[in-house]
Amino acid sequence: MLKNISSESILAALGKVQEPELHRDLVTLNMIRDIEIKDDTVTFAIVLTTPACPLRGSIEKQAREAVLAIPGVKTVSIKMDSNVPNDGRTRGLLNLPIRNAIAVASGKGGVGKSTVSANLAVALAQTGARVGLLDADIYGPNIPTMMGVHDIPGTQGNKLIPAEAFCVKLMSMGFLVKPGQPLIWRGPMLNSAIRQFLADVEWGELDYLIIDLPPGTGDASLSLAQMLPLSGVVIVTLPQAVSLEDASRGLNMFVTLEVPILGVIENMRGEFFGSGGGEDLARIAKVPFLGAVPMEQAVRVGGDTGQPVVVSRPDSAAAKAFQALAGQVAARISVEALTQKAAPTIEVE
Ligand SMILES: Nc1ncnc2c1ncn2[C@@H]1O[C@H](COP(=O)(O)OP(=O)(O)OP(=O)(O)O)[C@@H](O)[C@H]1O
Ligand SMILES: [Mg+2]
């Protein structure tokens, strides 16, 4: 006889399991779906805020243990699912079904923004998220080379169809001009180029659009932040102390633009450049430190050959670092999205 097993008792048990990033329980967060009880077997789905959730395994384990503790339950079958929340910022002006837009920036050039953008995008896509990668470096586009694609499929109506590699949709000025051709832009042209990359490209529905910015604190970053409300920005910096000043300048520009800083990534950690610059910057700026990527030859070779290291050497330390970073970035986006939503609630009597 099954005495205690009911949807209510299951929800009560799961109501005690906390989502560690969001600091609320799975029931309050509306993450539990499709509860079914058949004899002594309980089946349900947990809908996370990102397929890249770094704590997926531990959430599943805790939920399973909570339900198994109900007297009479012998078997628990959990379907792990996800639904990435929209960050609540309106992209209505451009009419884009993009749930979150994440810029990758730095204070100075050559620190690995494009490398980080490409690997983050692919790592997120590998978890099952719908991902786009916009190369906003219209002066020196590197994404086509790094992702190993050199053409877009064409147009559909009056929209450009993005290229695709490793399940990531791509757009870059590199697809539209011949290699080696100099790119000279004046202010208004730059604005319209970026606008076209957003509005005139058939991105489709995306959970995450990763935007690789040009180096420094120039016009492109400003245009973007004004045109497309960003969910947040990731700051890439090198390990050595002298990079700190440049990186702080980059970071402060986004603070001024009121773009949430998702955190700092230290790239090229190792014997050559040392380590610690990322943590220092994060501490000084009071933003999260997201993680470090080691300096590895495979990362550079991956970029040169169009096979990001998360694809070409998925077991390398660098690839593992990028996978972990993807989880961290996605988790920060979930937190931003939920706090953003909570903020404007106004009670009217
Ligand atoms: N972790 C790493 N280990 C080894 N090489 C790396 C690493 N990260 C980036 N590189 C290499 O460093 C060079 C610069 O990287 P990348 O082009 O990504 O920097 P960037 O910040 O986008 O540069 P720019 O400011 O010119 O756009 C590339 O050759 C890349 O392959
Ligand atoms: Mg670059």
# chains A, B, ... in the order shown; residues from 1 in each chain; ligands from 1

$ residues_around --residues "Val84 in chain A" --least-positions-apart "6" --cutoff "10 Å" --atoms "only C-alpha atoms" --output "NGL selection string"
:A and (47-52 or 99-100 or 129-130 or 206-208 or 330 or 333-334 or 337)

$ residues_around --residues "range 28-34 of chain A" --least-positions-apart "6" --cutoff "12 Å" --atoms "only C-alpha atoms" --output "PyMOL selection string"
chain A and resi 7+10-22+42-50+59-60+63+77-85+334-335+338

$ write_last_selection --atoms "N, CA, C and O atoms" --output "compact mmCIF listing (two decimals), in the first residue's frame"
# COMPACT_ATOMS: atom_id res chain seq x y z
N SER A 7 2.22 13.92 -4.94
CA SER A 7 2.92 15.08 -5.52
C SER A 7 3.30 16.07 -4.43
O SER A 7 4.38 16.65 -4.44
N ILE A 10 6.34 14.97 -2.54
CA ILE A 10 7.54 15.11 -3.39
C ILE A 10 7.96 16.58 -3.46
O ILE A 10 9.13 16.92 -3.30
N LEU A 11 6.98 17.45 -3.66
CA LEU A 11 7.30 18.89 -3.71
C LEU A 11 7.83 19.38 -2.37
O LEU A 11 8.74 20.20 -2.31
N ALA A 12 7.28 18.83 -1.29
CA ALA A 12 7.77 19.24 0.04
C ALA A 12 9.23 18.83 0.20
O ALA A 12 10.06 19.60 0.70
N ALA A 13 9.57 17.62 -0.28
CA ALA A 13 10.96 17.15 -0.17
C ALA A 13 11.88 18.00 -1.05
O ALA A 13 12.96 18.43 -0.62
N LEU A 14 11.43 18.28 -2.27
CA LEU A 14 12.28 19.05 -3.19
C LEU A 14 12.35 20.52 -2.79
O LEU A 14 13.29 21.23 -3.15
N GLY A 15 11.38 20.97 -2.03
CA GLY A 15 11.38 22.34 -1.52
C GLY A 15 12.49 22.59 -0.51
O GLY A 15 12.74 23.72 -0.12
N LYS A 16 13.16 21.48 -0.11
CA LYS A 16 14.27 21.64 0.83
C LYS A 16 15.63 21.59 0.11
O LYS A 16 16.67 21.72 0.74
N VAL A 17 15.58 21.39 -1.21
CA VAL A 17 16.84 21.34 -1.97
C VAL A 17 17.12 22.72 -2.56
O VAL A 17 16.31 23.26 -3.31
N GLN A 18 18.26 23.27 -2.21
CA GLN A 18 18.62 24.62 -2.66
C GLN A 18 19.36 24.60 -3.99
O GLN A 18 20.17 23.71 -4.23
N GLU A 19 19.10 25.58 -4.83
CA GLU A 19 19.94 25.82 -6.00
C GLU A 19 21.10 26.67 -5.47
O GLU A 19 20.87 27.80 -5.02
N PRO A 20 22.32 26.12 -5.48
CA PRO A 20 23.40 26.78 -4.76
C PRO A 20 23.78 28.17 -5.28
O PRO A 20 24.22 29.02 -4.51
N GLU A 21 23.61 28.41 -6.60
CA GLU A 21 23.97 29.73 -7.14
C GLU A 21 22.88 30.75 -6.85
O GLU A 21 23.14 31.92 -6.62
N LEU A 22 21.65 30.29 -6.95
CA LEU A 22 20.52 31.23 -6.89
C LEU A 22 19.97 31.36 -5.48
O LEU A 22 19.12 32.21 -5.21
N VAL A 42 9.22 7.20 -8.72
CA VAL A 42 8.87 8.61 -8.93
C VAL A 42 9.70 9.16 -10.08
O VAL A 42 10.91 8.97 -10.13
N THR A 43 9.02 9.80 -11.01
CA THR A 43 9.70 10.40 -12.16
C THR A 43 9.38 11.90 -12.17
O THR A 43 8.25 12.27 -11.90
N PHE A 44 10.39 12.72 -12.43
CA PHE A 44 10.12 14.16 -12.61
C PHE A 44 11.26 14.80 -13.39
O PHE A 44 12.29 14.17 -13.64
N ALA A 45 11.03 16.03 -13.80
CA ALA A 45 12.06 16.77 -14.55
C ALA A 45 12.52 17.95 -13.70
O ALA A 45 11.73 18.55 -12.97
N ILE A 46 13.82 18.25 -13.79
CA ILE A 46 14.36 19.47 -13.20
C ILE A 46 14.77 20.38 -14.35
O ILE A 46 15.58 19.99 -15.19
N VAL A 47 14.16 21.56 -14.39
CA VAL A 47 14.47 22.49 -15.48
C VAL A 47 15.44 23.55 -14.95
O VAL A 47 15.05 24.45 -14.21
N LEU A 48 16.71 23.41 -15.32
CA LEU A 48 17.75 24.35 -14.86
C LEU A 48 17.72 25.62 -15.70
O LEU A 48 17.12 25.65 -16.78
N THR A 49 18.43 26.64 -15.23
CA THR A 49 18.46 27.90 -15.98
C THR A 49 19.54 27.90 -17.06
O THR A 49 19.66 28.86 -17.81
N THR A 50 20.32 26.82 -17.14
CA THR A 50 21.29 26.69 -18.23
C THR A 50 21.72 25.24 -18.36
O THR A 50 21.92 24.57 -17.35
N ILE A 59 23.04 19.03 -7.94
CA ILE A 59 21.61 19.32 -7.79
C ILE A 59 20.80 18.03 -8.01
O ILE A 59 19.91 17.69 -7.24
N GLU A 60 21.18 17.29 -9.04
CA GLU A 60 20.47 16.05 -9.35
C GLU A 60 20.59 15.07 -8.17
O GLU A 60 19.62 14.44 -7.76
N ALA A 63 18.50 16.18 -5.17
CA ALA A 63 17.07 16.00 -5.43
C ALA A 63 16.71 14.52 -5.31
O ALA A 63 15.70 14.15 -4.71
N SER A 77 13.59 8.62 -10.95
CA SER A 77 14.12 8.86 -12.29
C SER A 77 13.97 10.35 -12.61
O SER A 77 12.86 10.88 -12.59
N ILE A 78 15.10 11.01 -12.85
CA ILE A 78 15.06 12.46 -13.05
C ILE A 78 15.50 12.80 -14.47
O ILE A 78 16.53 12.33 -14.95
N LYS A 79 14.69 13.62 -15.12
CA LYS A 79 15.10 14.12 -16.43
C LYS A 79 15.67 15.52 -16.22
O LYS A 79 14.99 16.39 -15.69
N MET A 80 16.93 15.70 -16.59
CA MET A 80 17.55 17.02 -16.43
C MET A 80 17.32 17.82 -17.71
O MET A 80 17.68 17.39 -18.80
N ASP A 81 16.69 18.96 -17.55
CA ASP A 81 16.36 19.79 -18.71
C ASP A 81 16.81 21.22 -18.40
O ASP A 81 17.28 21.49 -17.29
N SER A 82 16.66 22.12 -19.37
CA SER A 82 17.03 23.51 -19.08
C SER A 82 16.22 24.46 -19.92
O SER A 82 15.72 24.10 -20.99
N ASN A 83 16.07 25.65 -19.42
CA ASN A 83 15.41 26.72 -20.15
C ASN A 83 16.12 28.00 -19.74
O ASN A 83 15.98 28.46 -18.62
N VAL A 84 16.94 28.52 -20.64
CA VAL A 84 17.77 29.68 -20.30
C VAL A 84 16.88 30.92 -20.19
O VAL A 84 16.14 31.23 -21.12
N PRO A 85 16.89 31.60 -19.05
CA PRO A 85 16.02 32.77 -18.92
C PRO A 85 16.53 33.94 -19.76
O PRO A 85 17.73 34.08 -19.99
N SER A 334 22.70 33.44 -15.29
CA SER A 334 21.44 33.03 -14.63
C SER A 334 21.17 33.92 -13.43
O SER A 334 20.04 34.37 -13.22
N VAL A 335 22.20 34.17 -12.65
CA VAL A 335 22.04 34.99 -11.45
C VAL A 335 21.62 36.41 -11.86
O VAL A 335 20.67 36.98 -11.34
N LEU A 338 17.97 36.48 -13.07
CA LEU A 338 16.95 36.38 -12.03
C LEU A 338 16.93 37.60 -11.14
O LEU A 338 15.87 38.03 -10.71

$ select_by_dssp --residues "range 167-324 of chain A" --states "helix (DSSP H, G or I)" --output "MDAnalysis selection string"
chainID A and resid 173:175 187:199 219:227 243:256 277:285 297:305 309:312 317:324

$ residues_around --residues "Val311 in chain A" --least-positions-apart "2" --cutoff "10 Å" --atoms "only C-alpha atoms" --output "JSON, numbers by chain"
{"A": [119, 122, 123, 126, 166, 302, 306, 307, 308, 309, 313, 314, 315, 319]}

$ write_last_selection --atoms "N, CA and C atoms" --output "mmCIF file, in the first residue's frame"
data_model
loop_
_atom_site.group_PDB
_atom_site.id
_atom_site.type_symbol
_atom_site.label_atom_id
_atom_site.label_comp_id
_atom_site.auth_asym_id
_atom_site.auth_seq_id
_atom_site.Cartn_x
_atom_site.Cartn_y
_atom_site.Cartn_z
ATOM 1 N N ASN A 119 36.291 29.676 -27.817
ATOM 2 C CA ASN A 119 36.218 28.480 -26.977
ATOM 3 C C ASN A 119 35.024 28.496 -26.033
ATOM 4 N N VAL A 122 31.942 27.604 -28.201
ATOM 5 C CA VAL A 122 31.872 26.174 -28.530
ATOM 6 C C VAL A 122 31.569 25.350 -27.280
ATOM 7 N N ALA A 123 32.201 25.698 -26.158
ATOM 8 C CA ALA A 123 31.959 24.946 -24.916
ATOM 9 C C ALA A 123 30.498 25.063 -24.488
ATOM 10 N N GLN A 126 28.459 22.898 -26.738
ATOM 11 C CA GLN A 126 28.653 21.474 -26.424
ATOM 12 C C GLN A 126 27.737 21.001 -25.292
ATOM 13 N N PHE A 166 30.928 23.953 -35.428
ATOM 14 C CA PHE A 166 30.862 23.326 -34.096
ATOM 15 C C PHE A 166 29.565 23.715 -33.384
ATOM 16 N N GLY A 302 45.236 25.475 -32.153
ATOM 17 C CA GLY A 302 43.786 25.367 -32.378
ATOM 18 C C GLY A 302 43.246 26.597 -33.076
ATOM 19 N N GLY A 306 41.792 26.552 -37.022
ATOM 20 C CA GLY A 306 40.333 26.577 -37.094
ATOM 21 C C GLY A 306 39.661 25.475 -36.311
ATOM 22 N N GLN A 307 40.341 24.943 -35.306
ATOM 23 C CA GLN A 307 39.777 23.904 -34.446
ATOM 24 C C GLN A 307 40.003 24.331 -33.003
ATOM 25 N N PRO A 308 39.077 25.080 -32.421
ATOM 26 C CA PRO A 308 39.281 25.534 -31.039
ATOM 27 C C PRO A 308 39.694 24.364 -30.131
ATOM 28 N N VAL A 309 40.517 24.663 -29.136
ATOM 29 C CA VAL A 309 41.123 23.605 -28.322
ATOM 30 C C VAL A 309 40.065 22.751 -27.619
ATOM 31 N N ARG A 313 41.505 19.312 -28.615
ATOM 32 C CA ARG A 313 42.142 18.620 -27.478
ATOM 33 C C ARG A 313 41.263 18.746 -26.239
ATOM 34 N N PRO A 314 40.080 18.112 -26.284
ATOM 35 C CA PRO A 314 39.119 18.333 -25.193
ATOM 36 C C PRO A 314 39.611 17.912 -23.811
ATOM 37 N N ASP A 315 40.660 17.067 -23.768
ATOM 38 C CA ASP A 315 41.154 16.627 -22.454
ATOM 39 C C ASP A 315 42.313 17.464 -21.933
ATOM 40 N N ALA A 319 41.506 23.190 -22.379
ATOM 41 C CA ALA A 319 40.116 22.894 -22.760
ATOM 42 C C ALA A 319 39.256 22.735 -21.511
#

$ closest_residue --among "A:Val149, A:Val177, A:Ala292, A:Val234" --to "Asp304 in chain A" --atoms "only C-alpha atoms"
A:Val149

$ residues_near_ligand --ligand "ligand 1" --cutoff "8 Å" --atoms "only C-alpha atoms and all ligand atoms" --output "NGL selection string"
:A and (105-106 or 108-117 or 137 or 140-142 or 212-216 or 236 or 267-269 or 293-304 or 318)

$ write_last_selection --atoms "N, CA, C and O atoms" --output "compact mmCIF listing (two decimals), in the first residue's frame"
# COMPACT_ATOMS: atom_id res chain seq x y z
N ALA A 105 35.72 41.38 -23.54
CA ALA A 105 36.48 42.62 -23.74
C ALA A 105 37.81 42.56 -22.99
O ALA A 105 38.05 41.67 -22.18
N SER A 106 38.65 43.55 -23.29
CA SER A 106 39.91 43.67 -22.55
C SER A 106 40.34 45.12 -22.65
O SER A 106 39.80 45.89 -23.44
N LYS A 108 43.52 45.94 -23.45
CA LYS A 108 44.47 46.05 -24.56
C LYS A 108 44.43 44.82 -25.45
O LYS A 108 43.77 43.84 -25.14
N GLY A 109 45.15 44.91 -26.55
CA GLY A 109 45.08 43.87 -27.57
C GLY A 109 45.91 42.64 -27.23
O GLY A 109 46.79 42.69 -26.37
N GLY A 110 45.60 41.58 -27.94
CA GLY A 110 46.45 40.40 -27.90
C GLY A 110 46.40 39.57 -26.63
O GLY A 110 47.24 38.70 -26.41
N VAL A 111 45.40 39.82 -25.78
CA VAL A 111 45.35 39.06 -24.52
C VAL A 111 44.57 37.75 -24.66
O VAL A 111 44.57 36.94 -23.73
N GLY A 112 43.91 37.58 -25.81
CA GLY A 112 43.20 36.32 -26.03
C GLY A 112 41.69 36.43 -26.03
O GLY A 112 41.00 35.43 -25.83
N LYS A 113 41.17 37.63 -26.32
CA LYS A 113 39.71 37.80 -26.36
C LYS A 113 39.06 36.87 -27.38
O LYS A 113 38.07 36.21 -27.09
N SER A 114 39.63 36.86 -28.59
CA SER A 114 39.01 36.06 -29.65
C SER A 114 39.10 34.57 -29.33
O SER A 114 38.15 33.81 -29.55
N THR A 115 40.24 34.17 -28.78
CA THR A 115 40.44 32.77 -28.39
C THR A 115 39.43 32.39 -27.31
O THR A 115 38.80 31.33 -27.38
N VAL A 116 39.27 33.26 -26.33
CA VAL A 116 38.31 33.00 -25.25
C VAL A 116 36.89 32.97 -25.81
O VAL A 116 36.11 32.07 -25.50
N SER A 117 36.56 33.94 -26.67
CA SER A 117 35.20 33.99 -27.25
C SER A 117 34.88 32.70 -27.99
O SER A 117 33.81 32.11 -27.79
N ASP A 137 34.98 42.64 -33.97
CA ASP A 137 36.27 43.25 -34.33
C ASP A 137 36.27 43.45 -35.83
O ASP A 137 36.75 42.62 -36.59
N GLY A 140 39.98 43.96 -37.42
CA GLY A 140 40.86 42.80 -37.57
C GLY A 140 40.14 41.52 -37.20
O GLY A 140 40.41 40.91 -36.17
N PRO A 141 39.16 41.12 -38.04
CA PRO A 141 38.35 39.95 -37.69
C PRO A 141 39.17 38.65 -37.70
O PRO A 141 39.82 38.35 -38.69
N ASN A 142 39.16 37.92 -36.61
CA ASN A 142 39.92 36.67 -36.50
C ASN A 142 39.03 35.44 -36.36
O ASN A 142 39.51 34.31 -36.47
N ASP A 212 32.73 39.04 -29.57
CA ASP A 212 34.17 39.27 -29.47
C ASP A 212 34.46 40.72 -29.85
O ASP A 212 34.29 41.12 -30.99
N LEU A 213 34.88 41.50 -28.87
CA LEU A 213 35.10 42.93 -29.11
C LEU A 213 36.52 43.20 -29.59
O LEU A 213 37.44 42.44 -29.30
N PRO A 214 36.70 44.32 -30.31
CA PRO A 214 38.07 44.72 -30.66
C PRO A 214 38.80 45.17 -29.39
O PRO A 214 38.16 45.45 -28.37
N PRO A 215 40.13 45.26 -29.47
CA PRO A 215 40.88 45.65 -28.27
C PRO A 215 40.57 47.07 -27.82
O PRO A 215 40.17 47.92 -28.63
N GLY A 216 40.73 47.31 -26.54
CA GLY A 216 40.65 48.67 -26.03
C GLY A 216 39.25 49.15 -25.77
O GLY A 216 38.29 48.39 -25.76
N VAL A 236 38.93 39.95 -20.13
CA VAL A 236 40.08 39.05 -20.23
C VAL A 236 41.34 39.84 -19.91
O VAL A 236 41.53 40.96 -20.41
N ASN A 267 44.03 34.92 -18.75
CA ASN A 267 44.47 34.04 -19.84
C ASN A 267 45.99 33.97 -19.90
O ASN A 267 46.68 34.89 -19.47
N MET A 268 46.48 32.85 -20.41
CA MET A 268 47.92 32.59 -20.62
C MET A 268 48.67 32.47 -19.29
O MET A 268 49.82 32.91 -19.17
N ARG A 269 48.01 31.87 -18.30
CA ARG A 269 48.70 31.63 -17.03
C ARG A 269 49.80 30.60 -17.25
O ARG A 269 49.65 29.67 -18.01
N VAL A 293 43.04 30.42 -17.66
CA VAL A 293 43.34 29.49 -18.75
C VAL A 293 44.86 29.40 -18.88
O VAL A 293 45.52 30.43 -18.99
N PRO A 294 45.42 28.20 -18.84
CA PRO A 294 46.88 28.10 -18.95
C PRO A 294 47.37 28.45 -20.34
O PRO A 294 46.63 28.34 -21.33
N MET A 295 48.63 28.87 -20.42
CA MET A 295 49.27 29.09 -21.71
C MET A 295 49.66 27.71 -22.23
O MET A 295 50.39 26.98 -21.58
N GLU A 296 49.11 27.35 -23.38
CA GLU A 296 49.40 26.02 -23.96
C GLU A 296 49.51 26.17 -25.46
O GLU A 296 48.71 26.86 -26.08
N GLN A 297 50.48 25.44 -26.00
CA GLN A 297 50.68 25.51 -27.45
C GLN A 297 49.40 25.09 -28.19
O GLN A 297 49.06 25.66 -29.22
N ALA A 298 48.72 24.09 -27.65
CA ALA A 298 47.52 23.57 -28.33
C ALA A 298 46.46 24.66 -28.52
O ALA A 298 45.67 24.59 -29.47
N VAL A 299 46.45 25.65 -27.65
CA VAL A 299 45.46 26.72 -27.78
C VAL A 299 45.77 27.55 -29.03
O VAL A 299 44.88 27.83 -29.84
N ARG A 300 47.04 27.91 -29.19
CA ARG A 300 47.42 28.70 -30.36
C ARG A 300 47.23 27.90 -31.64
O ARG A 300 46.67 28.39 -32.62
N VAL A 301 47.68 26.64 -31.62
CA VAL A 301 47.55 25.80 -32.82
C VAL A 301 46.06 25.66 -33.17
O VAL A 301 45.67 25.77 -34.34
N GLY A 302 45.24 25.47 -32.15
CA GLY A 302 43.79 25.37 -32.38
C GLY A 302 43.25 26.60 -33.08
O GLY A 302 42.45 26.50 -34.01
N GLY A 303 43.70 27.77 -32.64
CA GLY A 303 43.26 29.02 -33.25
C GLY A 303 43.72 29.14 -34.69
O GLY A 303 42.97 29.56 -35.57
N ASP A 304 44.96 28.74 -34.93
CA ASP A 304 45.52 28.87 -36.28
C ASP A 304 44.89 27.90 -37.27
O ASP A 304 44.83 28.18 -38.47
N ALA A 318 43.86 23.33 -20.84
CA ALA A 318 43.25 24.56 -21.35
C ALA A 318 41.78 24.32 -21.71
O ALA A 318 40.91 25.12 -21.38

$ residues_around --residues "Trp203 in chain A" --least-positions-apart "2" --cutoff "7 Å" --atoms "only C-alpha atoms" --output "PDB file with all heavy atoms, in the first residue's frame"
ATOM      1  N   PRO A 162      23.841  33.310 -41.071  1.00  0.00           N
ATOM      2  CA  PRO A 162      25.155  33.173 -40.435  1.00  0.00           C
ATOM      3  C   PRO A 162      25.832  31.868 -40.821  1.00  0.00           C
ATOM      4  O   PRO A 162      25.163  30.888 -41.160  1.00  0.00           O
ATOM      5  CB  PRO A 162      24.823  33.195 -38.933  1.00  0.00           C
ATOM      6  CG  PRO A 162      23.381  32.859 -38.822  1.00  0.00           C
ATOM      7  CD  PRO A 162      22.727  33.254 -40.104  1.00  0.00           C
ATOM      8  N   VAL A 201      21.025  39.891 -39.633  1.00  0.00           N
ATOM      9  CA  VAL A 201      21.512  38.513 -39.679  1.00  0.00           C
ATOM     10  C   VAL A 201      20.434  37.606 -39.095  1.00  0.00           C
ATOM     11  O   VAL A 201      19.835  37.928 -38.077  1.00  0.00           O
ATOM     12  CB  VAL A 201      22.829  38.372 -38.871  1.00  0.00           C
ATOM     13  CG1 VAL A 201      23.237  36.909 -38.762  1.00  0.00           C
ATOM     14  CG2 VAL A 201      23.932  39.192 -39.532  1.00  0.00           C
ATOM     15  N   GLU A 205      16.631  31.883 -32.788  1.00  0.00           N
ATOM     16  CA  GLU A 205      16.592  31.963 -31.317  1.00  0.00           C
ATOM     17  C   GLU A 205      17.926  31.540 -30.739  1.00  0.00           C
ATOM     18  O   GLU A 205      18.468  30.499 -31.100  1.00  0.00           O
ATOM     19  CB  GLU A 205      15.504  31.031 -30.783  1.00  0.00           C
ATOM     20  CG  GLU A 205      14.152  31.661 -30.845  1.00  0.00           C
ATOM     21  CD  GLU A 205      13.335  31.365 -29.598  1.00  0.00           C
ATOM     22  OE1 GLU A 205      13.918  31.069 -28.541  1.00  0.00           O
ATOM     23  OE2 GLU A 205      12.110  31.422 -29.712  1.00  0.00           O
TER      24      GLU A 205
END
